[in-house]
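K.L.:
First, the structure itself, so that you have it in front of you.
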Amino acid sequence: MTDIITVTDLARSFGPRVLFRHVSFAVHEGEILVILGGSGCGKSTLLRMLMGLLEPTEGRIEVLGADMATASLELRTRVGVMFQMGALFGSMTLLENVMLPLEMHTALPAVARESIARTKLGLVGLGDAAALMPAEISGGMAKRAAIARALALDPPLLFLDEPSAGLDPITSAGLDRLILDLKRDLGTTFVVVTHELASIMAIADRCIMLDKTAQGMIAEGDPRTLGETSDHPTVRAFFRREAEGTHP
Amino acid sequence: MEAAPGALTFAGAMDAKGVAPVWARALAAAEAAKGTSLALDIGAVTLWDTAGITLLADLETLHGAATVVGATPQVETLLARVHAARQVPGRPPSPAVFSLRALLVGGIAAAADGVAFLGETAIALVMLPARLKMFRMSDLWRAADQSGVKAIPLVLLLGVLIGLILAFQSLIPMRRFGADVYVASLVAIGLVRELGPLLAAVILSGRSGSAFAAEIGTMKVNQEVDALVTMGLDPVTMLVLPRLLAAIVVMPALTIVLDFAGLAGMSFVLLGDGIPQVAIGNQIAGWVAAGDLYGALAKSAVFGAAVAAVGCRAGMATGLGPEAVGVSATRAVVGGIVASIVLDGMFALIFYRLGI
């Protein structure tokens with residue numbers, strides 16, 4: 001199986017504060033890898049580093065065979081990103097949001113760009129919302145529209161930051177189904193940051209877990225069995241939804 | 001792509017890069033083949049993405065009876081999925097069309113909202129003694145500091161420049177009639193009665209009206225205004241009244257500063273022209289009455305109220321989305337300046353009728 005991302009001995013510090021170190025893992029083509037862990041463990045920081053938005057203090061990240069520290073524009077067009085709040089451009093309709101990467105990075109005629117953008121919106125179930133502005137749609141719709149925009153250029157790799165955060169269980173389950181459909185139909189590889197257990201169980205092929213206290217990675221494997229097989233108390237507590245410390 | 005009668009043959013990569021040059025030609029060929037049979041031969045295609053599948057779906061939809069030849073099961077699945085994705089349940093809303101009726105209705109609604117806001121503010125003022133706890137003096141001082149004290153350098157600069165400009169512009173025509181000395185009275189009357197209050201209002205609108213709108217608008221976007229309401233607190237008393245009262249208090253002070261700065265600028269030019277200081281002083285004292293200054297200060301207080309009310313109203317009416325605060329700030333500046341000029345016109349009429 002080809003590795004789409006290779007992370008080697010990664011470390012990140014903010015001043016004297018070490019967030020994590022000695023993090024190494026790989027993401028295989030066509031899989032959904034979930035990065036999980038408690039609040040403040042560095043999940044989103046790790047994702048930002050994978051996206052090339054933040055430089056590692058130490059270590060190396062290779063995405064699609066290239067060093068992310070010196071990522072070219074061409075590489076960026078092969079990676080899609082869905083930010084936690086969607087990050088849709090407020091002055092454009094959903095259709096225009098999805099058409100933007102096509103307009104910037106392809107030579108497609110306007111009619112083709114619109115047709116493809118409508119297809120993408122249809123794929124995420126927003127075919128009838130193309131003319132709406134981001135301010136007019138719900139949080140769940142904004143996330144789906146953001147996925148449609150991330151898919152605009154058919155990237156082989158998609159990063160999703162907290163796709164379920166702030167969504168009700170039904171909308172969240174719908175989004176999980178969408179991710180699984182896209183993986184099946186388009187063969188897209190996903191790296192997802194979340195701590196929603198239901199979502200992790202639904203979509204993850206594999207997961208890695210970061211821990212604030214350990215300042216690094218404490219588990220890697222199938223989330224369905226990690227809770228039972230791991231020796232680490234935080235991993236077991238996470239999957240059994242147990243609180244840390246002593247509570248009555 | 002190769003087009004032959006009854007067939008379109010595709011080969012190579014059918015991704016966004018590959019379909020871009022053939023898209024328009026393929027659609028034209030499918031359009032031309034309407035009513036006859038059309039085979040879309042994709043047996044030689046080596047690479048697909050959704051751009052290619054979308055073109056295929058568009059060709060099928062456009063022709064109506066085209067058949068796809070040489071599709072792998074994976075392409076068939078994707079094609080079915082794209083067709084399903086493009087089944088839009090409802091018609092998308094039609095684009096906005098300019099309509100005089102909509103403009104009129106919108107104008108009336110905006111005017112009604114404005115009147116409602118004035119009513120709410122008046123009620124909040126009347127109820128202030130009963131809601132004194134909600135009125136934070138610290139907010140009043142902060143607003144007065146922001147819109148008054150911190151505006152003084154700008155007011156001084158603009159005042160001096162306006163005085164200079166008016167004196168220079170008036171000197172040339174007045175000299176023709178040997179009336180150089182009357183430039184002092186001309187500029188003094190213009191500044192004290194009209195330009196002082198009006199320019200101070202424009203400065204207040206640009207500096208503070210927009211700031212009021214942005215502050216309150218950001219609170220609206222962050223649901224802080226909703227939080228006040230749910231806590232049983234009156235947002236008008238807490239957010240609007242301190243700014244309104246601050247603007248009413250600082251505007252006459254700014255007007256006086258601007259008047260004196262303007263007179264200083266004018267005196268500088270006239271002294272340079274050889275007109276003695278005592279003559280300038282006599283002209284100003286002889287032509288500008290105390291009533292002119294009182295009338296101007298009354299006007300400026302009203303302008304201050306108008307600018308603050310327009311700014312706060314724009315903030316309270318802030319919509320959703322990242323643009324909303326910017327739109328509110330723009331409305332505050334434009335509305336504040338327009339309101340000040342309209343009020344100035346009304347004052348001019350009243351003063352004329354009263355013979356002041």
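Residues are referred to by chain and number: the chain letter is A, B, ... according to the order shown in the structure tokens, the number counts from 1 in that chain, and ligands are numbered separately from 1 in the order shown.
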Restrict the calculation to only C-alpha atoms, then for each residue of chain A with any atom at most 8 Å from an atom of chain B give the closest atom pair and their distance in Å to one decimal, rows by chain and rising residue number, as JSON lines.
P.N.:
{"residue": "A:Gly90", "atom": "CA", "partner": "B:Gly321", "partner_atom": "CA", "distance": 6.2}
{"residue": "A:Ser91", "atom": "CA", "partner": "B:Glu323", "partner_atom": "CA", "distance": 7.2}
{"residue": "A:Thr106", "atom": "CA", "partner": "B:Lys17", "partner_atom": "CA", "distance": 6.5}
{"residue": "A:Ala107", "atom": "CA", "partner": "B:Ala20", "partner_atom": "CA", "distance": 5.7}
{"residue": "A:Leu108", "atom": "CA", "partner": "B:Ala20", "partner_atom": "CA", "distance": 4.3}
{"residue": "A:Pro109", "atom": "CA", "partner": "B:Ala20", "partner_atom": "CA", "distance": 6.7}
{"residue": "A:Ala112", "atom": "CA", "partner": "B:Trp23", "partner_atom": "CA", "distance": 6.9}
{"residue": "A:Ser115", "atom": "CA", "partner": "B:Thr54", "partner_atom": "CA", "distance": 7.0}
{"residue": "A:Ile116", "atom": "CA", "partner": "B:Ala51", "partner_atom": "CA", "distance": 5.9}
{"residue": "A:Arg118", "atom": "CA", "partner": "B:Arg86", "partner_atom": "CA", "distance": 7.0}
{"residue": "A:Thr119", "atom": "CA", "partner": "B:Arg86", "partner_atom": "CA", "distance": 5.9}
{"residue": "A:Lys120", "atom": "CA", "partner": "B:Ala85", "partner_atom": "CA", "distance": 7.9}
{"residue": "A:Leu121", "atom": "CA", "partner": "B:Ala85", "partner_atom": "CA", "distance": 7.7}
{"residue": "A:Gly122", "atom": "CA", "partner": "B:Ala85", "partner_atom": "CA", "distance": 4.1}
{"residue": "A:Leu123", "atom": "CA", "partner": "B:Ala85", "partner_atom": "CA", "distance": 5.0}
{"residue": "A:Val124", "atom": "CA", "partner": "B:Ala85", "partner_atom": "CA", "distance": 7.9}
{"residue": "A:Gly125", "atom": "CA", "partner": "B:Ala85", "partner_atom": "CA", "distance": 7.0}
{"residue": "A:Gly127", "atom": "CA", "partner": "B:Val88", "partner_atom": "CA", "distance": 5.3}
{"residue": "A:Asp128", "atom": "CA", "partner": "B:Val88", "partner_atom": "CA", "distance": 5.4}
{"residue": "A:Ala129", "atom": "CA", "partner": "B:Pro92", "partner_atom": "CA", "distance": 6.9}
{"residue": "A:Ala130", "atom": "CA", "partner": "B:Pro92", "partner_atom": "CA", "distance": 7.2}
{"residue": "A:Ala131", "atom": "CA", "partner": "B:Pro92", "partner_atom": "CA", "distance": 6.5}
{"residue": "A:Pro134", "atom": "CA", "partner": "B:Gly321", "partner_atom": "CA", "distance": 7.5}
{"residue": "A:Ala135", "atom": "CA", "partner": "B:Gly321", "partner_atom": "CA", "distance": 5.2}
{"residue": "A:Leu153", "atom": "CA", "partner": "B:Ala16", "partner_atom": "CA", "distance": 7.5}
{"residue": "A:Asp154", "atom": "CA", "partner": "B:Asp49", "partner_atom": "CA", "distance": 6.5}
{"residue": "A:Asp185", "atom": "CA", "partner": "B:Leu78", "partner_atom": "CA", "distance": 6.5}
{"residue": "A:Leu186", "atom": "CA", "partner": "B:Asp49", "partner_atom": "CA", "distance": 7.9}
K.L.:
From segment 1-231 of chain A, collect each residue whose DSSP state is alpha helix (DSSP H) and return the set as a JSON list (two decimals) with C-alpha atoms, in the first residue's frame.
P.N.:
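Produced file out_22.json, reproduced below:
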[["chain", "number", "residue", "atom", "x", "y", "z"],
["A", 43, "LYS", "CA", -4.23, 17.59, 17.21],
["A", 44, "SER", "CA", -5.04, 20.78, 15.35],
["A", 45, "THR", "CA", -1.40, 21.89, 15.47],
["A", 46, "LEU", "CA", -0.35, 18.59, 13.91],
["A", 47, "LEU", "CA", -3.02, 19.00, 11.22],
["A", 48, "ARG", "CA", -1.85, 22.55, 10.48],
["A", 49, "MET", "CA", 1.68, 21.20, 10.08],
["A", 50, "LEU", "CA", 0.44, 18.47, 7.72],
["A", 51, "MET", "CA", -1.32, 21.20, 5.70],
["A", 73, "LEU", "CA", 1.53, 25.42, -5.69],
["A", 74, "GLU", "CA", 0.99, 22.24, -7.68],
["A", 75, "LEU", "CA", 1.14, 20.19, -4.49],
["A", 76, "ARG", "CA", -1.34, 22.50, -2.78],
["A", 94, "LEU", "CA", -21.82, 28.52, -2.35],
["A", 95, "LEU", "CA", -21.52, 27.92, -6.09],
["A", 96, "GLU", "CA", -18.94, 30.70, -6.46],
["A", 97, "ASN", "CA", -17.04, 29.34, -3.45],
["A", 98, "VAL", "CA", -16.74, 25.94, -5.13],
["A", 99, "MET", "CA", -15.96, 27.44, -8.53],
["A", 100, "LEU", "CA", -13.11, 29.56, -7.17],
["A", 101, "PRO", "CA", -10.36, 26.86, -7.13],
["A", 102, "LEU", "CA", -11.47, 25.71, -10.60],
["A", 103, "GLU", "CA", -11.21, 29.27, -11.88],
["A", 104, "MET", "CA", -7.79, 29.79, -10.32],
["A", 105, "HIS", "CA", -6.13, 26.49, -11.15],
["A", 110, "ALA", "CA", -16.98, 29.08, -17.32],
["A", 111, "VAL", "CA", -19.78, 26.71, -18.30],
["A", 112, "ALA", "CA", -17.63, 23.72, -17.35],
["A", 113, "ARG", "CA", -16.60, 25.30, -14.03],
["A", 114, "GLU", "CA", -20.22, 25.90, -13.11],
["A", 115, "SER", "CA", -21.27, 22.41, -14.14],
["A", 116, "ILE", "CA", -18.48, 20.78, -12.12],
["A", 117, "ALA", "CA", -19.18, 23.01, -9.10],
["A", 118, "ARG", "CA", -22.86, 22.05, -9.25],
["A", 119, "THR", "CA", -21.82, 18.38, -9.37],
["A", 120, "LYS", "CA", -19.66, 18.82, -6.26],
["A", 121, "LEU", "CA", -22.45, 20.60, -4.42],
["A", 122, "GLY", "CA", -24.81, 17.84, -5.48],
["A", 123, "LEU", "CA", -22.37, 15.20, -4.20],
["A", 139, "GLY", "CA", -23.36, 25.05, 10.38],
["A", 140, "GLY", "CA", -23.82, 21.54, 8.94],
["A", 141, "MET", "CA", -24.48, 22.94, 5.46],
["A", 142, "ALA", "CA", -21.41, 25.19, 5.75],
["A", 143, "LYS", "CA", -19.25, 22.15, 6.52],
["A", 144, "ARG", "CA", -20.66, 20.22, 3.58],
["A", 145, "ALA", "CA", -20.14, 23.22, 1.30],
["A", 146, "ALA", "CA", -16.56, 23.46, 2.58],
["A", 147, "ILE", "CA", -16.05, 19.79, 1.68],
["A", 148, "ALA", "CA", -17.47, 20.49, -1.80],
["A", 149, "ARG", "CA", -14.99, 23.35, -2.21],
["A", 150, "ALA", "CA", -12.15, 21.16, -0.93],
["A", 169, "PRO", "CA", -25.94, 13.67, 16.00],
["A", 170, "ILE", "CA", -28.10, 13.27, 12.87],
["A", 171, "THR", "CA", -26.23, 15.91, 10.87],
["A", 172, "SER", "CA", -22.95, 14.53, 12.17],
["A", 173, "ALA", "CA", -23.90, 10.99, 11.08],
["A", 174, "GLY", "CA", -24.86, 12.36, 7.65],
["A", 175, "LEU", "CA", -21.44, 13.95, 7.34],
["A", 176, "ASP", "CA", -19.78, 10.67, 8.35],
["A", 177, "ARG", "CA", -21.74, 8.90, 5.62],
["A", 178, "LEU", "CA", -20.68, 11.54, 3.11],
["A", 179, "ILE", "CA", -17.01, 11.00, 4.00],
["A", 180, "LEU", "CA", -17.38, 7.23, 3.58],
["A", 181, "ASP", "CA", -19.18, 7.71, 0.22],
["A", 182, "LEU", "CA", -16.45, 10.02, -1.06],
["A", 183, "LYS", "CA", -13.77, 7.57, 0.02],
["A", 184, "ARG", "CA", -15.58, 4.72, -1.75],
["A", 185, "ASP", "CA", -16.56, 6.59, -4.94],
["A", 186, "LEU", "CA", -13.58, 8.86, -5.47],
["A", 197, "LEU", "CA", -16.14, 8.97, 19.52],
["A", 198, "ALA", "CA", -19.21, 8.03, 17.45],
["A", 199, "SER", "CA", -17.68, 9.65, 14.41],
["A", 200, "ILE", "CA", -14.31, 7.97, 14.96],
["A", 201, "MET", "CA", -15.98, 4.55, 15.18],
["A", 202, "ALA", "CA", -18.02, 5.23, 12.02],
["A", 203, "ILE", "CA", -15.32, 6.44, 9.68],
["A", 223, "PRO", "CA", -10.06, 2.43, 17.02],
["A", 224, "ARG", "CA", -12.53, -0.43, 17.40],
["A", 225, "THR", "CA", -9.97, -2.52, 19.27],
["A", 226, "LEU", "CA", -7.58, 0.06, 20.71],
["A", 227, "GLY", "CA", -9.66, 0.57, 23.85],
["A", 228, "GLU", "CA", -9.20, -3.09, 24.75],
["A", 229, "THR", "CA", -5.71, -3.79, 23.46]]
K.L.:
Under the rule that only C-alpha atoms are counted, which of A:Ile32, A:Leu151, A:Val18, A:Met82 is the nearest residue to Ser164 of chain A?
P.N.:
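Ranked by minimum distance to Ser164 of chain A, first place goes to A:Met82.
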K.L.:
For Phe159 of chain A, find every residue with an atom within 6 Å (counting only C-alpha atoms), except residues of its own chain fewer than 4 positions away, and show them as a PyMOL selection string.
P.N.:
chain A and resi 81+190-192
K.L.:
So that I can see what lies close to segment 309-312 of chain B, please list as an MDAnalysis selection string the residues with an atom at most 6 Å from it, counting only C-alpha atoms and leaving out residues fewer than 3 positions away in the same chain.
P.N.:
chainID B and resid 209 212:213 240 305:306 315 332 336
K.L.:
Would you write out those residues with C-alpha atoms, as a PDB file, in the first residue's frame?
P.N.:
ATOM      1  CA  GLY B 209     -19.985  57.144  14.065  1.00  0.00           C
ATOM      2  CA  PHE B 212     -19.898  53.093  17.303  1.00  0.00           C
ATOM      3  CA  ALA B 213     -21.334  50.997  14.467  1.00  0.00           C
ATOM      4  CA  VAL B 240     -26.683  53.444  22.805  1.00  0.00           C
ATOM      5  CA  ALA B 305     -27.021  63.304  18.568  1.00  0.00           C
ATOM      6  CA  ALA B 306     -27.814  62.522  14.923  1.00  0.00           C
ATOM      7  CA  GLY B 315     -24.524  48.794  14.702  1.00  0.00           C
ATOM      8  CA  ALA B 332     -22.904  54.951   9.841  1.00  0.00           C
ATOM      9  CA  GLY B 336     -24.232  60.517   9.760  1.00  0.00           C
TER      10      GLY B 336
END
K.L.:
Go ahead and compute the interatomic distance for atom CA of Ser205 of chain B and atom CA of Leu158 of chain B, in Å to one decimal.
P.N.:
14.6 Å
K.L.:
Rounded to one decimal in Å, what is the spacing between atom CA of Thr188 of chain A and atom CA of Leu158 of chain A?
P.N.:
7.0 Å
K.L.:
Mind checking which residues fall within 8 Å of Ile218 of chain A, counting only C-alpha atoms, ignoring those fewer than 3 positions away in the same chain, and posting them as a PyMOL selection string?
P.N.:
chain A and resi 208-211+214+232+235
K.L.:
Just give me the gap between atom CA of Val155 of chain B and atom CA of Gly206 of chain B in Å, one decimal is fine.
P.N.:
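These atoms are spaced 12.0 Å apart.
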K.L.:
To test your reading of the structure, identify every residue in segment 121-212 of chain A that backbone DSSP assigns to strand (DSSP E or B), and report it as an NGL selection string.
P.N.:
:A and (157-161 or 189-193 or 206-211)
K.L.:
May I have the residues from that selection written out with N, CA and C atoms, as a tab-separated table (two decimals), in the first residue's frame?
P.N.:
chain	number	residue	atom	x	y	z
A	157	LEU	N	-6.10	13.80	-1.60
A	157	LEU	CA	-5.97	13.86	-0.14
A	157	LEU	C	-6.80	15.00	0.42
A	158	LEU	N	-7.57	14.69	1.46
A	158	LEU	CA	-8.43	15.71	2.06
A	158	LEU	C	-8.19	15.76	3.57
A	159	PHE	N	-7.96	16.98	4.08
A	159	PHE	CA	-7.82	17.17	5.52
A	159	PHE	C	-9.13	17.74	6.06
A	160	LEU	N	-9.64	17.15	7.12
A	160	LEU	CA	-10.87	17.65	7.73
A	160	LEU	C	-10.58	17.97	9.20
A	161	ASP	N	-10.82	19.23	9.57
A	161	ASP	CA	-10.58	19.65	10.95
A	161	ASP	C	-11.92	19.69	11.70
A	189	THR	N	-8.22	9.93	0.03
A	189	THR	CA	-7.61	9.63	1.33
A	189	THR	C	-7.97	10.78	2.28
A	190	PHE	N	-8.36	10.43	3.50
A	190	PHE	CA	-8.77	11.46	4.45
A	190	PHE	C	-7.87	11.45	5.69
A	191	VAL	N	-7.51	12.62	6.15
A	191	VAL	CA	-6.92	12.76	7.49
A	191	VAL	C	-7.88	13.65	8.26
A	192	VAL	N	-8.42	13.10	9.34
A	192	VAL	CA	-9.48	13.79	10.06
A	192	VAL	C	-9.05	14.03	11.50
A	193	VAL	N	-9.25	15.24	11.96
A	193	VAL	CA	-9.03	15.52	13.39
A	193	VAL	C	-10.40	15.58	14.05
A	206	ARG	N	-8.04	3.75	10.62
A	206	ARG	CA	-6.96	3.71	11.60
A	206	ARG	C	-6.97	5.02	12.36
A	207	CYS	N	-6.36	5.03	13.53
A	207	CYS	CA	-6.24	6.29	14.24
A	207	CYS	C	-4.89	6.39	14.92
A	208	ILE	N	-4.48	7.62	15.19
A	208	ILE	CA	-3.34	7.82	16.07
A	208	ILE	C	-3.83	8.71	17.20
A	209	MET	N	-3.28	8.51	18.37
A	209	MET	CA	-3.73	9.30	19.51
A	209	MET	C	-2.57	10.07	20.12
A	210	LEU	N	-2.80	11.37	20.31
A	210	LEU	CA	-1.80	12.23	20.97
A	210	LEU	C	-2.21	12.44	22.42
A	211	ASP	N	-1.22	12.69	23.24
A	211	ASP	CA	-1.51	12.94	24.66
A	211	ASP	C	-0.69	14.12	25.16
